[in-house]
Amino acid sequence: MEVMIVICVSVVCVLLYSFHKKNVEYIKKNSICLNKILNLNSRQNFNVFDTSQTFCKNCNSKPQYDNFNINNYMNGIIDENLDKYIKTLEVLKHNRKQHTSYQNQFNSIMNYNYNYNQLTQNTILNEFLFKALEKIECEKIKLKPALEFTIYVSVFYTSPKGKNRYNKRYQINSGNIEYYCNECLKARRYKQSAKYQRALMTDKLRYQVLCRDGHRCVLCGASARDGVKLHVDHIIPVSKGGKTELSNLRTLCERCNLGKGSSYNPNGYN
Ligand SMILES: [Zn+2]
């Protein structure tokens with residue numbers, strides 16, 4: 001008896017399944033919505049990329065763990081790969097923009113009413129069943145592009161004998177990543193500014209240059225003993241992108257320096 005029931009149920013299942021499969025195949029062939037969506041899909045060019053990234057930071061001490069500063073940590077990470085993150089944000093924005101338009105077109109296709117009577121003629125499907133199955137098939141092929149990018153930072157500390165373990169996790173979304181990128185760009189711009197290069201010219205550095213050059217003008221050899229005032233000069237002027245670093249600095253007397261002004265010949269003698 002039980003065997004009979006199992007066999008009957010199995011047969012019914014198989015029949016139902018083949019019935020369903022047949023209907024789905026029919027819909028795939030005849031659904032106007034499904035074809036429109038396939039066509040819509042073929043016109044999309046969503047970007048594919050890793051939607052998350054995880055960093056782990058192991059602290060050496062409890063104070064280091066307690067004082068962990070996520071802003072400083074993120075600034076470092078973004079600074080190391082600024083171009084990569086800017087690119088990721090760009091492709092993300094492209095996906096979001098295109099997805100809004102895709103979603104609207106998808107919905108308008110789904111709301112499109114056409115004459116189902118003709119399609120359901122000569123089939124066991126009625127309009128309700130056709131629409132329901134059609135909706136399922138359309139949802140199945142709906143594109144799901146990446147719309148968010150997240151960075152996870154896990155911070156750990158384990159006490160020397162493994163007695164205590166601590167961990168915390170930060171989640172940084174694309175909005176925050178954009179903020180860090182902008183801050184990083186601002187900092188880089190400032191570092192390239194003449195203002196920053198001038199601020200680097202400290203008394204200590206000045207003294208280092210004078211000592212290295214023997215307290216003499218490197219062009220005419222005059223020193224303070226000859227009654228001249230010594231200047232520390234940028235070989236490539238700051239206004240032309242010169243850096244405040246030993247290799248770009250030299251001692252000049254006032255006369256030589258004023259004569260030089262802010263001129264610089266990249267191929268000649270300066
Ligand atoms: Zn001189």
# chains A, B, ... in the order shown; residues from 1 in each chain; ligands from 1
>>> residues_around(residues="His231 (chain A)", least_positions_apart="4", cutoff="10 Å", atoms="only C-alpha atoms", output="VMD selection string")
chain A and resid 206 209 to 210 215 to 217 250 to 258
>>> write_last_selection(atoms="N, CA and C atoms", output="compact mmCIF listing (two decimals), in the first residue's frame")
# COMPACT_ATOMS: atom_id res chain seq x y z
N ARG A 206 68.86 75.08 6.36
CA ARG A 206 69.68 76.19 5.86
C ARG A 206 71.11 76.04 6.33
N VAL A 209 72.98 73.23 4.60
CA VAL A 209 73.42 73.58 3.24
C VAL A 209 74.68 74.44 3.32
N LEU A 210 74.67 75.42 4.23
CA LEU A 210 75.83 76.32 4.37
C LEU A 210 77.07 75.52 4.76
N HIS A 215 80.37 77.36 3.63
CA HIS A 215 80.01 78.76 3.90
C HIS A 215 80.56 79.69 2.82
N ARG A 216 80.47 79.21 1.59
CA ARG A 216 80.93 80.03 0.46
C ARG A 216 79.92 79.98 -0.67
N CYS A 217 79.89 81.03 -1.43
CA CYS A 217 79.03 81.04 -2.62
C CYS A 217 79.59 80.00 -3.59
N ARG A 250 71.59 75.15 -2.59
CA ARG A 250 73.02 75.50 -2.63
C ARG A 250 73.20 76.88 -2.02
N THR A 251 74.45 77.18 -1.68
CA THR A 251 74.77 78.47 -1.10
C THR A 251 75.16 79.44 -2.21
N LEU A 252 74.55 80.61 -2.19
CA LEU A 252 74.93 81.66 -3.15
C LEU A 252 75.12 82.97 -2.38
N CYS A 253 75.99 83.82 -2.89
CA CYS A 253 76.08 85.13 -2.26
C CYS A 253 74.91 85.96 -2.79
N GLU A 254 74.63 87.06 -2.12
CA GLU A 254 73.47 87.87 -2.48
C GLU A 254 73.52 88.31 -3.94
N ARG A 255 74.72 88.71 -4.37
CA ARG A 255 74.87 89.23 -5.73
C ARG A 255 74.55 88.16 -6.79
N CYS A 256 75.15 86.97 -6.57
CA CYS A 256 74.90 85.88 -7.53
C CYS A 256 73.43 85.47 -7.51
N ASN A 257 72.87 85.46 -6.32
CA ASN A 257 71.48 85.02 -6.19
C ASN A 257 70.51 86.00 -6.83
N LEU A 258 70.74 87.30 -6.60
CA LEU A 258 69.84 88.30 -7.18
C LEU A 258 69.96 88.33 -8.69
>>> atom_distance(atom1="CA of Tyr179 (chain A)", atom2="CA of Ile77 (chain A)")
13.1 Å
>>> residues_around(residues="Ile37 (chain A)", least_positions_apart="4", cutoff="9 Å", atoms="only C-alpha atoms", output="list in words")
Ile32, Cys33, Asn41, Ser42, Gln105, Phe106, Ile109, Met110, Cys138, Ile141 and Lys142 of chain A
>>> closest_residue(among="A:Ser101, A:Ser154, A:Gln121, A:Asn75", to="Glu178 (chain A)", atoms="only C-alpha atoms")
A:Asn75
>>> atom_distance(atom1="CA of Val24 (chain A)", atom2="CA of Asn117 (chain A)")
17.1 Å
>>> atom_distance(atom1="CA of Lys168 (chain A)", atom2="CA of Cys59 (chain A)")
11.4 Å
>>> closest_atom_pairs(of="region 19-39 of chain A", to="region 12-15 of chain A", cutoff="10 Å", atoms="only C-alpha atoms", output="tab-separated table")
residue	atom	partner	partner_atom	distance
A:Phe19	CA	A:Leu15	CA	6.0
A:His20	CA	A:Leu15	CA	8.5
A:Lys21	CA	A:Leu15	CA	9.8
>>> closest_residue(among="A:Thr244, A:Ser223, A:Asn104, A:Ser31", to="Tyr116 (chain A)", atoms="only C-alpha atoms")
A:Ser31
>>> decode(residues="region 99-176 of chain A", atoms="C-alpha atoms", output="short mmCIF file (atom, residue, chain, number, x, y, z; two decimals), in the first residue's frame")
data_model
loop_
_atom_site.label_atom_id
_atom_site.label_comp_id
_atom_site.auth_asym_id
_atom_site.auth_seq_id
_atom_site.Cartn_x
_atom_site.Cartn_y
_atom_site.Cartn_z
CA HIS A 99 21.16 50.74 -12.93
CA THR A 100 18.62 53.50 -12.24
CA SER A 101 17.85 53.72 -15.92
CA TYR A 102 17.87 49.91 -16.28
CA GLN A 103 15.47 49.52 -13.36
CA ASN A 104 13.04 52.04 -14.88
CA GLN A 105 13.08 50.33 -18.24
CA PHE A 106 12.71 46.93 -16.62
CA ASN A 107 9.64 48.10 -14.69
CA SER A 108 8.04 49.67 -17.70
CA ILE A 109 8.48 46.43 -19.64
CA MET A 110 6.92 44.47 -16.77
CA ASN A 111 3.96 46.85 -16.71
CA TYR A 112 3.45 46.56 -20.41
CA ASN A 113 0.08 45.05 -21.15
CA TYR A 114 -0.35 43.07 -24.26
CA ASN A 115 -2.92 40.67 -25.54
CA TYR A 116 -2.35 37.41 -23.76
CA ASN A 117 -5.40 35.73 -25.26
CA GLN A 118 -3.66 34.96 -28.47
CA LEU A 119 -0.65 33.59 -26.65
CA THR A 120 -2.63 31.39 -24.33
CA GLN A 121 -4.79 29.99 -27.09
CA ASN A 122 -4.24 26.31 -27.75
CA THR A 123 -2.42 25.92 -24.43
CA ILE A 124 -3.45 24.88 -20.96
CA LEU A 125 -2.19 28.23 -19.69
CA ASN A 126 -4.60 30.97 -18.83
CA GLU A 127 -3.68 34.65 -18.67
CA PHE A 128 -3.08 34.57 -14.91
CA LEU A 129 -0.74 31.58 -15.05
CA PHE A 130 1.07 32.91 -18.09
CA LYS A 131 1.69 36.27 -16.42
CA ALA A 132 2.84 34.66 -13.17
CA LEU A 133 5.33 32.34 -14.86
CA GLU A 134 6.46 35.11 -17.17
CA LYS A 135 7.17 37.33 -14.15
CA ILE A 136 9.27 34.60 -12.50
CA GLU A 137 11.30 34.09 -15.67
CA CYS A 138 11.84 37.82 -16.12
CA GLU A 139 13.03 38.23 -12.53
CA LYS A 140 15.45 35.34 -13.08
CA ILE A 141 17.27 37.14 -15.87
CA LYS A 142 17.16 40.58 -14.24
CA LEU A 143 20.73 41.93 -14.06
CA LYS A 144 22.14 42.56 -10.58
CA PRO A 145 25.19 44.77 -11.00
CA ALA A 146 27.54 45.75 -8.17
CA LEU A 147 26.15 48.91 -6.57
CA GLU A 148 28.31 49.31 -3.49
CA PHE A 149 31.94 49.00 -2.52
CA THR A 150 32.95 48.36 1.08
CA ILE A 151 36.24 48.15 2.92
CA TYR A 152 36.33 46.09 6.13
CA VAL A 153 39.08 46.67 8.66
CA SER A 154 39.56 44.09 11.40
CA VAL A 155 41.76 45.06 14.32
CA PHE A 156 43.17 42.40 16.67
CA TYR A 157 45.17 42.22 19.83
CA THR A 158 46.10 39.06 21.71
CA SER A 159 47.80 39.40 25.10
CA PRO A 160 51.24 37.71 25.40
CA LYS A 161 50.07 34.37 26.74
CA GLY A 162 46.91 34.40 24.70
CA LYS A 163 44.82 35.03 27.81
CA ASN A 164 42.85 37.89 26.36
CA ARG A 165 41.82 38.35 22.81
CA TYR A 166 40.31 41.54 21.49
CA ASN A 167 38.99 42.41 18.11
CA LYS A 168 36.93 45.11 16.51
CA ARG A 169 35.70 45.62 13.00
CA TYR A 170 35.08 48.74 10.96
CA GLN A 171 32.94 48.96 7.87
CA ILE A 172 33.73 51.76 5.45
CA ASN A 173 31.29 52.32 2.61
CA SER A 174 31.85 54.05 -0.71
CA GLY A 175 30.68 57.44 0.63
CA ASN A 176 33.42 57.39 3.26
#
